[in-house]
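Enquirer: File name my_file.cif; file contents mmCIF, C-alpha atoms; full text below.
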```cif
data_entry
#
loop_
_atom_site.label_atom_id
_atom_site.label_comp_id
_atom_site.auth_asym_id
_atom_site.auth_seq_id
_atom_site.Cartn_x
_atom_site.Cartn_y
_atom_site.Cartn_z
CA ALA A 634 217.20 8.29 0.11
CA ALA A 635 214.62 5.67 -0.87
CA GLU A 636 211.92 7.40 1.19
CA ALA A 637 212.83 10.77 -0.29
CA ALA A 638 212.67 9.40 -3.83
CA GLU A 639 209.30 7.79 -3.11
CA ALA A 640 207.94 11.08 -1.74
CA ILE A 641 209.17 13.02 -4.79
CA GLU A 642 207.69 10.41 -7.12
CA THR A 643 204.31 10.75 -5.40
CA LEU A 644 204.27 14.55 -5.15
CA LEU A 645 205.50 15.29 -8.66
CA ALA A 646 203.95 12.26 -10.37
CA CYS A 647 207.28 11.50 -12.03
CA THR A 648 209.07 8.27 -12.89
CA PRO A 649 211.23 6.45 -10.28
CA GLU A 650 214.33 7.30 -12.32
CA GLU A 651 213.50 11.01 -12.31
CA ALA A 652 212.84 10.91 -8.56
CA GLN A 653 216.20 9.24 -7.94
CA ARG A 654 217.93 11.82 -10.14
CA GLN A 655 216.42 14.69 -8.14
CA VAL A 656 217.49 13.11 -4.85
CA ALA A 657 221.03 12.70 -6.21
CA THR A 658 221.05 16.35 -7.31
CA VAL A 659 220.03 17.58 -3.86
CA LYS A 660 222.60 15.38 -2.13
CA ALA A 661 225.36 16.59 -4.44
CA ARG A 662 224.52 20.21 -3.78
CA ASP A 663 224.38 19.66 -0.03
CA MET A 664 227.83 18.09 -0.18
CA ALA A 665 229.18 21.04 -2.13
CA GLY A 666 229.26 23.21 0.98
CA PRO A 667 227.19 25.83 2.80
CA ARG A 668 224.90 28.09 0.86
CA SER A 669 226.18 31.53 -0.03
CA GLY A 670 225.37 34.79 1.67
CA LEU A 671 224.19 37.79 -0.30
CA VAL A 672 227.64 39.32 -0.89
CA THR A 673 229.39 36.06 -1.73
CA ALA A 674 226.51 34.93 -3.97
CA LEU A 675 226.58 38.01 -6.21
CA PRO A 676 229.45 36.78 -8.45
CA GLN A 677 227.55 33.54 -9.12
CA LEU A 678 224.22 35.32 -9.60
CA LEU A 679 225.68 37.81 -12.07
CA GLY A 680 228.41 35.67 -13.63
CA THR A 681 226.55 32.44 -14.34
CA LYS A 682 224.15 32.56 -17.29
CA GLY A 683 221.52 30.34 -15.67
CA CYS A 684 221.52 32.40 -12.46
CA ARG A 685 221.60 35.67 -14.35
CA ASP A 686 218.62 34.67 -16.47
CA ALA A 687 216.74 33.55 -13.36
CA LEU A 688 217.59 36.85 -11.65
CA ILE A 689 216.14 38.78 -14.60
CA VAL A 690 212.91 36.78 -14.32
CA GLY A 691 212.68 37.20 -10.54
CA ALA A 692 213.58 40.89 -10.49
CA GLY A 693 211.23 41.61 -13.37
CA LEU A 694 208.32 39.95 -11.61
CA VAL A 695 208.75 41.74 -8.28
CA LEU A 696 209.29 45.12 -9.95
CA PHE A 697 206.32 44.82 -12.29
CA GLN A 698 204.23 43.58 -9.36
CA GLN A 699 204.65 46.95 -7.66
CA LEU A 700 205.24 49.38 -10.54
CA SER A 701 201.90 48.41 -12.09
CA GLY A 702 200.32 50.39 -9.26
CA GLN A 703 199.15 47.75 -6.78
CA PRO A 704 199.97 49.67 -3.56
CA SER A 705 198.61 52.95 -4.88
CA VAL A 706 195.43 51.55 -6.39
CA LEU A 707 194.55 49.77 -3.14
CA TYR A 708 195.29 52.93 -1.18
CA TYR A 709 193.10 54.97 -3.50
CA ALA A 710 190.39 52.31 -3.36
CA ASN A 711 189.99 52.88 0.38
CA ARG A 712 189.63 56.63 -0.17
CA LEU A 713 187.09 56.16 -2.92
CA LEU A 714 185.02 53.69 -0.90
CA GLU A 715 184.99 56.10 2.03
CA SER A 716 183.89 58.98 -0.21
CA ALA A 717 181.05 56.80 -1.48
CA GLY A 718 179.90 56.32 2.10
CA LEU A 719 180.81 52.62 2.16
CA GLY A 720 183.73 52.82 4.58
CA TYR A 721 184.38 49.88 6.93
CA SER A 722 181.92 47.43 5.39
CA ALA A 723 183.47 47.93 1.96
CA ALA A 724 186.97 47.43 3.37
CA VAL A 725 185.83 44.12 4.85
CA ALA A 726 184.30 43.18 1.49
CA VAL A 727 187.57 43.95 -0.30
CA GLY A 728 189.46 41.78 2.20
CA GLY A 729 187.02 38.92 1.71
CA PHE A 730 187.23 39.26 -2.07
CA LYS A 731 191.05 39.15 -1.90
CA LEU A 732 190.82 35.95 0.14
CA LEU A 733 188.41 34.42 -2.39
CA ALA A 734 190.62 35.33 -5.37
CA THR A 735 193.72 33.98 -3.64
CA SER A 736 191.85 30.74 -2.92
CA VAL A 737 191.03 30.43 -6.62
CA SER A 738 194.70 30.88 -7.47
CA ALA A 739 195.75 28.30 -4.86
CA ASN A 740 193.32 25.76 -6.32
CA LEU A 741 194.47 26.30 -9.91
CA VAL A 742 198.22 26.69 -9.47
CA GLU A 743 198.89 22.93 -9.61
CA SER A 744 196.17 22.20 -12.16
CA GLU A 745 197.27 20.63 -15.44
CA ASP A 746 194.98 23.05 -17.27
CA TRP A 747 196.40 26.15 -15.55
CA GLY A 748 199.63 26.44 -13.57
CA ARG A 749 201.81 29.44 -12.72
CA ARG A 750 202.31 31.03 -16.13
CA PRO A 751 198.65 31.14 -17.28
CA LEU A 752 197.53 32.56 -13.92
CA LEU A 753 200.16 35.28 -14.19
CA LEU A 754 199.22 36.09 -17.78
CA TYR A 755 195.47 36.20 -17.20
CA GLY A 756 195.81 38.00 -13.88
CA THR A 757 198.10 40.69 -15.27
CA ALA A 758 195.90 41.08 -18.36
CA GLY A 759 192.94 41.63 -16.03
CA MET A 760 194.90 44.29 -14.15
CA THR A 761 195.70 46.00 -17.45
CA VAL A 762 192.02 46.11 -18.44
CA ALA A 763 191.05 47.45 -15.01
CA LEU A 764 193.68 50.19 -15.07
CA PHE A 765 192.77 51.45 -18.54
CA GLY A 766 189.11 51.24 -17.50
CA LEU A 767 189.84 53.40 -14.46
CA SER A 768 191.65 55.89 -16.68
CA ALA A 769 188.66 56.07 -19.02
CA ALA A 770 186.19 56.38 -16.16
CA TYR A 771 188.03 59.31 -14.61
CA ALA A 772 188.49 60.95 -18.00
CA ALA A 773 184.74 60.73 -18.68
CA ALA A 774 183.36 61.44 -15.22
CA GLY A 775 186.16 62.96 -13.16
CA PRO A 776 184.23 66.11 -12.10
CA ALA A 777 181.18 64.06 -11.07
CA LEU A 778 183.34 61.70 -9.04
CA ALA A 779 185.05 64.62 -7.32
CA ALA A 780 181.76 66.35 -6.54
CA GLY A 781 180.02 63.24 -5.20
CA GLY A 782 176.29 63.16 -4.63
CA ALA A 783 173.62 61.51 -6.74
CA ALA A 784 175.29 62.42 -10.02
CA ALA A 785 178.33 60.39 -9.03
CA ALA A 786 176.43 57.18 -8.25
CA ILE A 787 176.86 55.49 -11.63
CA PRO A 788 180.52 56.53 -12.14
CA GLN A 789 181.31 55.44 -8.58
CA ALA A 790 179.73 52.04 -9.22
CA ALA A 791 181.80 51.65 -12.39
CA VAL A 792 185.02 52.63 -10.62
CA ILE A 793 184.30 50.29 -7.69
CA ALA A 794 183.66 47.42 -10.12
CA LEU A 795 186.97 48.15 -11.87
CA LEU A 796 188.76 48.29 -8.52
CA PHE A 797 187.38 44.87 -7.61
CA LEU A 798 188.52 43.57 -11.01
CA PHE A 799 192.00 44.92 -10.34
CA VAL A 800 192.14 43.42 -6.85
CA GLY A 801 190.85 40.04 -8.02
CA ALA A 802 193.24 39.90 -10.98
CA TYR A 803 196.18 40.84 -8.77
CA GLN A 804 195.35 38.21 -6.17
CA VAL A 805 194.95 35.50 -8.81
CA GLY A 806 198.25 36.32 -10.49
CA PHE A 807 200.94 38.67 -9.25
CA GLY A 808 200.03 38.47 -5.55
CA PRO A 809 200.79 34.80 -4.80
CA ILE A 810 202.44 33.51 -7.99
CA THR A 811 205.39 35.92 -8.00
CA TRP A 812 206.70 34.57 -4.71
CA LEU A 813 206.06 30.96 -5.70
CA ILE A 814 208.07 31.31 -8.90
CA LEU A 815 210.78 33.22 -7.06
CA SER A 816 211.24 30.24 -4.74
CA GLU A 817 211.53 27.79 -7.64
CA ILE A 818 213.83 29.30 -10.27
CA PHE A 819 217.13 29.67 -8.40
CA PRO A 820 219.71 26.98 -7.62
CA LEU A 821 219.77 25.94 -3.97
CA SER A 822 223.23 27.42 -3.43
CA VAL A 823 222.03 30.96 -4.15
CA ARG A 824 218.29 30.70 -3.54
CA SER A 825 218.22 32.50 -0.18
CA PRO A 826 220.28 35.53 -1.26
CA ALA A 827 218.43 35.69 -4.58
CA VAL A 828 215.05 35.75 -2.83
CA SER A 829 216.48 38.40 -0.48
CA ILE A 830 217.31 40.58 -3.49
CA GLY A 831 213.79 40.09 -4.77
CA THR A 832 212.35 41.08 -1.40
CA LEU A 833 214.48 44.25 -1.28
CA LEU A 834 213.39 45.22 -4.78
CA ASN A 835 209.78 44.53 -3.88
CA PHE A 836 209.72 46.70 -0.77
CA GLY A 837 211.81 49.41 -2.40
CA SER A 838 209.50 49.72 -5.40
CA ASN A 839 206.46 49.50 -3.12
CA TYR A 840 207.75 52.46 -1.13
CA LEU A 841 208.56 54.40 -4.31
CA VAL A 842 205.14 53.92 -5.89
CA GLY A 843 203.27 54.55 -2.64
CA SER A 844 205.18 57.72 -1.79
CA LEU A 845 204.92 59.24 -5.29
CA PHE A 846 201.28 58.38 -5.95
CA GLU A 847 199.62 61.40 -4.37
CA ILE A 848 202.15 63.83 -5.88
CA SER A 849 201.68 62.29 -9.33
CA ARG A 850 197.89 62.30 -8.98
CA GLU A 851 197.87 66.01 -8.18
CA GLN A 852 200.22 66.89 -11.04
CA VAL A 853 198.90 64.77 -13.91
CA GLY A 854 195.43 63.69 -12.72
CA GLU A 855 193.81 60.30 -12.33
CA PRO A 856 193.24 59.55 -16.05
CA THR A 857 196.91 59.94 -16.95
CA LEU A 858 198.14 58.24 -13.79
CA PHE A 859 195.98 55.13 -14.20
CA ALA A 860 196.82 55.00 -17.91
CA GLY A 861 200.50 55.05 -16.98
CA PHE A 862 199.99 52.14 -14.61
CA GLY A 863 198.07 50.40 -17.41
CA VAL A 864 201.03 50.77 -19.76
CA VAL A 865 203.33 49.23 -17.13
CA ALA A 866 200.87 46.37 -16.60
CA ALA A 867 200.75 45.76 -20.37
CA MET A 868 204.56 45.67 -20.40
CA ALA A 869 204.35 43.12 -17.57
CA VAL A 870 202.11 40.90 -19.72
CA ALA A 871 204.70 41.05 -22.51
CA PHE A 872 207.53 40.31 -20.06
CA ILE A 873 205.72 37.30 -18.58
CA TYR A 874 204.92 35.97 -22.05
CA ALA A 875 208.52 36.36 -23.24
CA ARG A 876 210.56 35.47 -20.15
CA VAL A 877 208.63 33.56 -17.46
CA PRO A 878 208.42 29.76 -17.84
CA GLU A 879 205.83 27.36 -16.50
CA THR A 880 207.50 25.72 -13.49
CA ARG A 881 204.76 23.34 -12.34
CA GLY A 882 206.09 19.82 -11.82
CA LEU A 883 209.57 20.61 -13.17
CA SER A 884 212.93 19.88 -11.60
CA LEU A 885 215.38 22.72 -11.02
CA GLU A 886 217.45 21.59 -14.00
CA GLU A 887 214.41 21.65 -16.26
CA ILE A 888 213.46 25.13 -15.04
CA GLU A 889 217.00 26.40 -15.63
CA ALA A 890 216.97 24.95 -19.15
CA LYS A 891 213.61 26.57 -19.92
CA ILE A 892 214.76 29.97 -18.72
CA SER A 893 218.09 29.80 -20.57
CA GLU A 894 216.57 28.53 -23.82
CA GLY A 895 213.50 30.74 -23.70
CA SER A 896 211.33 27.64 -24.16
CA PHE A 897 208.01 28.32 -22.41
#
```
Just give me the structure as C-alpha coordinates.

Expert:
Amino acid sequence: AAEAAEAIETLLACTPEEAQRQVATVKARDMAGPRSGLVTALPQLLGTKGCRDALIVGAGLVLFQQLSGQPSVLYYANRLLESAGLGYSAAVAVGGFKLLATSVSANLVESEDWGRRPLLLYGTAGMTVALFGLSAAYAAAGPALAAGGAAAAIPQAAVIALLFLFVGAYQVGFGPITWLILSEIFPLSVRSPAVSIGTLLNFGSNYLVGSLFEISREQVGEPTLFAGFGVVAAMAVAFIYARVPETRGLSLEEIEAKISEGSF
(Lines of atoms letter the chains of each structure in order from A and count residues from 1; the text may use other names and numbers.)
(Lines give C-alpha, C1' and ligand atoms only; values in the text may rest on other atoms or scores of the structure.)
Protein backbone atom coordinates (compact mmCIF):
# COMPACT_ATOMS: atom_id res chain seq x y z
CA ALA A 1 0.00 0.00 0.00
CA ALA A 2 2.86 2.36 0.84
CA GLU A 3 4.49 1.76 -2.55
CA ALA A 4 1.18 2.28 -4.33
CA ALA A 5 0.57 5.55 -2.48
CA GLU A 6 4.09 6.74 -3.30
CA ALA A 7 3.58 5.93 -6.99
CA ILE A 8 0.24 7.79 -7.07
CA GLU A 9 1.78 10.76 -5.30
CA THR A 10 4.55 10.92 -7.90
CA LEU A 11 2.37 10.39 -10.98
CA LEU A 12 -0.44 12.75 -10.00
CA ALA A 13 1.69 15.26 -8.08
CA CYS A 14 -0.78 15.11 -5.19
CA THR A 15 -0.36 15.26 -1.42
CA PRO A 16 0.48 12.09 0.60
CA GLU A 17 -2.98 12.25 2.19
CA GLU A 18 -4.69 12.33 -1.21
CA ALA A 19 -2.55 9.42 -2.42
CA GLN A 20 -3.47 7.36 0.65
CA ARG A 21 -7.15 8.18 0.13
CA GLN A 22 -7.03 6.95 -3.46
CA VAL A 23 -5.32 3.72 -2.42
CA ALA A 24 -8.00 3.17 0.24
CA THR A 25 -10.73 3.79 -2.34
CA VAL A 26 -9.28 1.21 -4.74
CA LYS A 27 -8.88 -1.37 -1.97
CA ALA A 28 -12.45 -0.85 -0.79
CA ARG A 29 -13.81 -1.32 -4.28
CA ASP A 30 -11.74 -4.45 -4.84
CA MET A 31 -13.12 -5.89 -1.62
CA ALA A 32 -16.66 -5.12 -2.70
CA GLY A 33 -16.67 -8.05 -5.11
CA PRO A 34 -16.11 -8.82 -8.79
CA ARG A 35 -16.84 -6.22 -11.40
CA SER A 36 -20.17 -6.39 -13.16
CA GLY A 37 -20.89 -7.74 -16.60
CA LEU A 38 -22.81 -5.73 -19.15
CA VAL A 39 -26.27 -7.06 -18.25
CA THR A 40 -25.80 -6.91 -14.49
CA ALA A 41 -24.21 -3.44 -14.69
CA LEU A 42 -27.11 -1.82 -16.53
CA PRO A 43 -29.23 -1.19 -13.38
CA GLN A 44 -26.30 0.62 -11.74
CA LEU A 45 -25.41 2.52 -14.92
CA LEU A 46 -28.98 3.71 -15.44
CA GLY A 47 -30.16 3.90 -11.83
CA THR A 48 -27.26 5.72 -10.17
CA LYS A 49 -27.06 9.45 -10.91
CA GLY A 50 -23.26 9.54 -11.05
CA CYS A 51 -23.10 6.58 -13.45
CA ARG A 52 -25.99 7.89 -15.52
CA ASP A 53 -24.35 11.29 -15.91
CA ALA A 54 -21.05 9.63 -16.85
CA LEU A 55 -22.88 7.44 -19.39
CA ILE A 56 -24.40 10.54 -21.01
CA VAL A 57 -20.93 12.07 -21.33
CA GLY A 58 -19.37 8.88 -22.71
CA ALA A 59 -22.20 8.06 -25.12
CA GLY A 60 -22.35 11.65 -26.31
CA LEU A 61 -18.65 11.72 -27.09
CA VAL A 62 -18.56 8.47 -29.06
CA LEU A 63 -21.72 9.34 -31.01
CA PHE A 64 -20.61 12.87 -31.89
CA GLN A 65 -17.19 11.48 -32.81
CA GLN A 66 -18.77 9.50 -35.64
CA LEU A 67 -21.92 11.49 -36.51
CA SER A 68 -19.80 14.56 -37.27
CA GLY A 69 -18.73 12.72 -40.40
CA GLN A 70 -15.26 11.39 -39.60
CA PRO A 71 -15.55 8.03 -41.43
CA SER A 72 -17.23 9.55 -44.46
CA VAL A 73 -14.95 12.56 -44.80
CA LEU A 74 -11.86 10.35 -44.68
CA TYR A 75 -13.42 8.00 -47.23
CA TYR A 76 -14.23 10.91 -49.51
CA ALA A 77 -10.77 12.37 -48.99
CA ASN A 78 -9.21 9.29 -50.58
CA ARG A 79 -11.50 9.60 -53.59
CA LEU A 80 -10.75 13.28 -53.99
CA LEU A 81 -6.99 12.78 -53.72
CA GLU A 82 -7.16 10.05 -56.35
CA SER A 83 -9.18 12.28 -58.69
CA ALA A 84 -6.53 14.97 -58.27
CA GLY A 85 -3.90 12.49 -59.42
CA LEU A 86 -2.22 12.32 -56.01
CA GLY A 87 -3.20 8.76 -55.11
CA TYR A 88 -0.81 6.67 -53.00
CA SER A 89 1.63 9.44 -52.08
CA ALA A 90 -1.20 11.59 -50.76
CA ALA A 91 -2.58 8.68 -48.73
CA VAL A 92 0.85 8.26 -47.13
CA ALA A 93 0.95 12.00 -46.45
CA VAL A 94 -2.46 11.86 -44.75
CA GLY A 95 -1.28 8.96 -42.59
CA GLY A 96 1.86 10.84 -41.61
CA PHE A 97 -0.15 13.97 -40.83
CA LYS A 98 -2.52 11.94 -38.61
CA LEU A 99 0.48 10.58 -36.73
CA LEU A 100 1.89 14.09 -36.27
CA ALA A 101 -1.43 15.50 -35.01
CA THR A 102 -1.89 12.59 -32.61
CA SER A 103 1.64 13.18 -31.29
CA VAL A 104 0.74 16.81 -30.61
CA SER A 105 -2.32 15.69 -28.68
CA ALA A 106 -0.30 13.14 -26.69
CA ASN A 107 2.22 15.83 -25.72
CA LEU A 108 -0.45 18.32 -24.61
CA VAL A 109 -2.96 16.04 -22.90
CA GLU A 110 -1.17 16.17 -19.52
CA SER A 111 -0.06 19.78 -19.87
CA GLU A 112 -1.26 22.22 -17.21
CA ASP A 113 -2.04 24.71 -19.97
CA TRP A 114 -4.11 22.25 -22.02
CA GLY A 115 -5.54 18.91 -20.90
CA ARG A 116 -8.43 16.83 -22.23
CA ARG A 117 -11.24 19.39 -22.37
CA PRO A 118 -9.40 22.19 -24.25
CA LEU A 119 -8.05 19.71 -26.82
CA LEU A 120 -11.56 18.40 -27.40
CA LEU A 121 -13.01 21.90 -27.70
CA TYR A 122 -10.36 23.24 -30.06
CA GLY A 123 -10.22 20.04 -32.09
CA THR A 124 -13.99 19.87 -32.57
CA ALA A 125 -14.14 23.60 -33.37
CA GLY A 126 -11.50 23.01 -36.05
CA MET A 127 -13.58 20.18 -37.49
CA THR A 128 -16.61 22.48 -37.57
CA VAL A 129 -14.68 25.15 -39.50
CA ALA A 130 -13.36 22.55 -41.95
CA LEU A 131 -16.79 21.05 -42.60
CA PHE A 132 -18.48 24.38 -43.26
CA GLY A 133 -15.49 25.32 -45.42
CA LEU A 134 -15.95 22.14 -47.45
CA SER A 135 -19.64 22.94 -47.84
CA ALA A 136 -18.82 26.43 -49.10
CA ALA A 137 -16.11 25.15 -51.45
CA TYR A 138 -18.44 22.65 -53.09
CA ALA A 139 -21.23 25.20 -53.29
CA ALA A 140 -18.93 27.66 -55.07
CA ALA A 141 -16.93 25.29 -57.26
CA GLY A 142 -18.80 21.99 -57.38
CA PRO A 143 -18.98 21.75 -61.20
CA ALA A 144 -15.28 22.56 -61.57
CA LEU A 145 -14.36 19.94 -58.99
CA ALA A 146 -16.51 17.34 -60.73
CA ALA A 147 -15.06 18.15 -64.15
CA GLY A 148 -11.43 18.13 -63.02
CA GLY A 149 -8.67 19.49 -65.21
CA ALA A 150 -6.83 22.78 -64.91
CA ALA A 151 -9.93 24.71 -63.88
CA ALA A 152 -10.26 22.52 -60.80
CA ALA A 153 -6.70 23.07 -59.54
CA ILE A 154 -7.44 25.93 -57.14
CA PRO A 155 -10.71 24.47 -55.76
CA GLN A 156 -9.00 21.10 -55.33
CA ALA A 157 -6.16 22.73 -53.40
CA ALA A 158 -8.68 24.48 -51.13
CA VAL A 159 -10.62 21.27 -50.51
CA ILE A 160 -7.43 19.30 -49.80
CA ALA A 161 -6.33 21.98 -47.30
CA LEU A 162 -9.72 21.79 -45.57
CA LEU A 163 -9.51 17.99 -45.49
CA PHE A 164 -6.11 18.19 -43.80
CA LEU A 165 -7.56 20.69 -41.30
CA PHE A 166 -10.38 18.26 -40.56
CA VAL A 167 -8.03 15.31 -40.15
CA GLY A 168 -5.63 17.26 -37.93
CA ALA A 169 -8.41 18.65 -35.75
CA TYR A 170 -9.96 15.19 -35.36
CA GLN A 171 -6.65 13.59 -34.40
CA VAL A 172 -5.90 16.32 -31.85
CA GLY A 173 -9.31 16.06 -30.21
CA PHE A 174 -11.98 13.45 -30.84
CA GLY A 175 -9.63 10.72 -32.09
CA PRO A 176 -7.55 10.01 -28.96
CA ILE A 177 -9.25 12.07 -26.23
CA THR A 178 -12.67 10.40 -26.46
CA TRP A 179 -11.26 7.03 -25.45
CA LEU A 180 -9.07 8.52 -22.74
CA ILE A 181 -12.02 10.26 -21.08
CA LEU A 182 -14.16 7.17 -21.50
CA SER A 183 -11.62 5.19 -19.47
CA GLU A 184 -11.59 7.78 -16.66
CA ILE A 185 -15.18 8.78 -15.91
CA PHE A 186 -16.76 5.50 -14.79
CA PRO A 187 -16.47 3.78 -11.40
CA LEU A 188 -14.27 0.69 -11.44
CA SER A 189 -17.21 -1.62 -10.77
CA VAL A 190 -18.91 -0.72 -14.06
CA ARG A 191 -16.02 0.63 -16.12
CA SER A 192 -15.59 -2.40 -18.40
CA PRO A 193 -19.27 -2.76 -19.35
CA ALA A 194 -19.62 1.01 -19.72
CA VAL A 195 -16.66 1.17 -22.11
CA SER A 196 -18.18 -1.80 -23.96
CA ILE A 197 -21.39 0.19 -24.47
CA GLY A 198 -19.33 3.09 -25.77
CA THR A 199 -17.50 0.79 -28.18
CA LEU A 200 -20.78 -0.64 -29.50
CA LEU A 201 -22.20 2.84 -30.02
CA ASN A 202 -19.01 3.91 -31.75
CA PHE A 203 -18.92 1.06 -34.25
CA GLY A 204 -22.68 1.19 -34.80
CA SER A 205 -22.66 4.90 -35.62
CA ASN A 206 -19.52 4.46 -37.72
CA TYR A 207 -21.31 1.83 -39.81
CA LEU A 208 -24.43 4.01 -40.10
CA VAL A 209 -22.57 7.11 -41.27
CA GLY A 210 -20.30 5.17 -43.63
CA SER A 211 -23.12 3.21 -45.24
CA LEU A 212 -25.41 6.23 -45.73
CA PHE A 213 -22.78 8.68 -46.96
CA GLU A 214 -22.85 7.86 -50.66
CA ILE A 215 -26.66 7.70 -50.77
CA SER A 216 -26.92 11.05 -48.98
CA ARG A 217 -24.28 12.63 -51.23
CA GLU A 218 -26.18 11.62 -54.35
CA GLN A 219 -29.52 12.85 -53.01
CA VAL A 220 -28.62 16.17 -51.39
CA GLY A 221 -25.16 16.95 -52.80
CA GLU A 222 -21.84 17.72 -51.15
CA PRO A 223 -22.65 21.29 -49.97
CA THR A 224 -25.70 20.21 -47.98
CA LEU A 225 -24.08 17.02 -46.71
CA PHE A 226 -20.94 18.72 -45.39
CA ALA A 227 -23.04 21.53 -43.91
CA GLY A 228 -25.09 18.89 -42.09
CA PHE A 229 -21.93 17.35 -40.66
CA GLY A 230 -20.83 20.88 -39.70
CA VAL A 231 -24.04 21.41 -37.74
CA VAL A 232 -23.46 18.14 -35.87
CA ALA A 233 -19.86 19.15 -35.14
CA ALA A 234 -21.07 22.53 -33.81
CA MET A 235 -23.53 20.67 -31.57
CA ALA A 236 -20.60 18.56 -30.38
CA VAL A 237 -18.71 21.71 -29.37
CA ALA A 238 -21.73 22.83 -27.34
CA PHE A 239 -22.07 19.39 -25.76
CA ILE A 240 -18.39 19.27 -24.77
CA TYR A 241 -18.57 22.78 -23.33
CA ALA A 242 -21.71 21.99 -21.31
CA ARG A 243 -21.14 18.39 -20.21
CA VAL A 244 -17.53 17.19 -20.46
CA PRO A 245 -15.24 17.96 -17.49
CA GLU A 246 -11.48 18.29 -17.40
CA THR A 247 -10.25 15.01 -15.89
CA ARG A 248 -6.48 15.59 -15.86
CA GLY A 249 -4.98 14.78 -12.46
CA LEU A 250 -8.35 14.16 -10.78
CA SER A 251 -9.43 11.21 -8.69
CA LEU A 252 -12.52 9.24 -9.68
CA GLU A 253 -14.50 10.89 -6.88
CA GLU A 254 -13.53 14.35 -8.10
CA ILE A 255 -14.49 13.45 -11.68
CA GLU A 256 -17.86 12.10 -10.52
CA ALA A 257 -18.50 15.28 -8.54
CA LYS A 258 -17.62 17.47 -11.53
CA ILE A 259 -19.92 15.55 -13.85
CA SER A 260 -22.83 15.53 -11.37
CA GLU A 261 -22.47 19.20 -10.44
CA GLY A 262 -21.75 20.42 -13.95
CA SER A 263 -18.63 22.17 -12.64
CA PHE A 264 -16.09 22.23 -15.47

Enquirer: Give me, please, the distance in Å between CA of Leu644 (chain A) and CA of Ile818 (chain A), quoted to one decimal.

Expert: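 Interatomic distance here is 18.3 Å.
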
Enquirer: Which polymer residues have any atom within 6 Å of an atom of Met760 (chain A), counting only C-alpha atoms, with same-chain residues fewer than 3 positions away left out, as a PyMOL selection string?

Expert: chain A and resi 757+763+799+802

Enquirer: Would you list the contacts of Leu696 (chain A) as number ranges by chain, taking every protein, DNA or RNA residue within 10 Å and counting all atoms listed in the file, but skipping same-chain residues closer than 4 positions in sequence?

Expert: A: 691-692, 700-701, 831-832, 834-839, 869

Enquirer: For the atom pair CA of Phe872 (chain A) and CA of Tyr708 (chain A), what is the interatomic distance in Å to one decimal place?

Expert: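 Going from CA of Phe872 (chain A) over to CA of Tyr708 (chain A), I get 25.8 Å.
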
Enquirer: Taking all atoms listed in the file into account, which of A:Ala635, A:Leu707, A:Ala687, A:Leu764 comes nearest Val842 (chain A)?

Expert: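 Going through A:Ala635, A:Leu707, A:Ala687, A:Leu764 one by one, the smallest distance to Val842 (chain A) is for A:Leu707.
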
Enquirer: Can you tell me which residues surround Leu885 (chain A) at a distance of at most 12 Å, considering all atoms listed in the file, apart from same-chain residues fewer than 6 positions away, and format the answer as an mmCIF file with C-alpha atoms, in the coordinates of the input?

Expert:
```
data_model
loop_
_atom_site.group_PDB
_atom_site.id
_atom_site.type_symbol
_atom_site.label_atom_id
_atom_site.label_comp_id
_atom_site.auth_asym_id
_atom_site.auth_seq_id
_atom_site.Cartn_x
_atom_site.Cartn_y
_atom_site.Cartn_z
ATOM 1 C CA GLU A 651 213.500 11.010 -12.310
ATOM 2 C CA ARG A 654 217.930 11.820 -10.140
ATOM 3 C CA GLN A 655 216.420 14.690 -8.140
ATOM 4 C CA VAL A 656 217.490 13.110 -4.850
ATOM 5 C CA THR A 658 221.050 16.350 -7.310
ATOM 6 C CA VAL A 659 220.030 17.580 -3.860
ATOM 7 C CA ARG A 662 224.520 20.210 -3.780
ATOM 8 C CA GLY A 683 221.520 30.340 -15.670
ATOM 9 C CA CYS A 684 221.520 32.400 -12.460
ATOM 10 C CA ALA A 687 216.740 33.550 -13.360
ATOM 11 C CA ILE A 814 208.070 31.310 -8.900
ATOM 12 C CA SER A 816 211.240 30.240 -4.740
ATOM 13 C CA GLU A 817 211.530 27.790 -7.640
ATOM 14 C CA ILE A 818 213.830 29.300 -10.270
ATOM 15 C CA PHE A 819 217.130 29.670 -8.400
ATOM 16 C CA PRO A 820 219.710 26.980 -7.620
ATOM 17 C CA LEU A 821 219.770 25.940 -3.970
ATOM 18 C CA SER A 822 223.230 27.420 -3.430
ATOM 19 C CA ARG A 824 218.290 30.700 -3.540
ATOM 20 C CA GLU A 879 205.830 27.360 -16.500
ATOM 21 C CA LYS A 891 213.610 26.570 -19.920
ATOM 22 C CA ILE A 892 214.760 29.970 -18.720
#
```

Enquirer: For the file shown, report as a ChimeraX atom specification the outcome of the PyMOL selection byres ((chain A and resi 875) around 12) at residue level.

Expert: /A:689-690,693,750,754,868-874,876-879,891-897

Enquirer: Neighbouring residues of region 845-862 of chain A were defined as those with any atom within 12 Å, considering only C-alpha atoms; residues of the same chain fewer than 3 positions away were excluded. Please report them as a PyMOL selection string.

Expert: chain A and resi 697-709+712+757+760-776+778-779+792+795-796+799+838-842+865-869

Enquirer: Applied to this file, what does the PyMOL selection byres ((chain A and resi 804) around 8) return in terms of residues, put as a VMD selection string?

Expert: chain A and resid 731 734 to 735 738 756 800 to 803 805 to 809
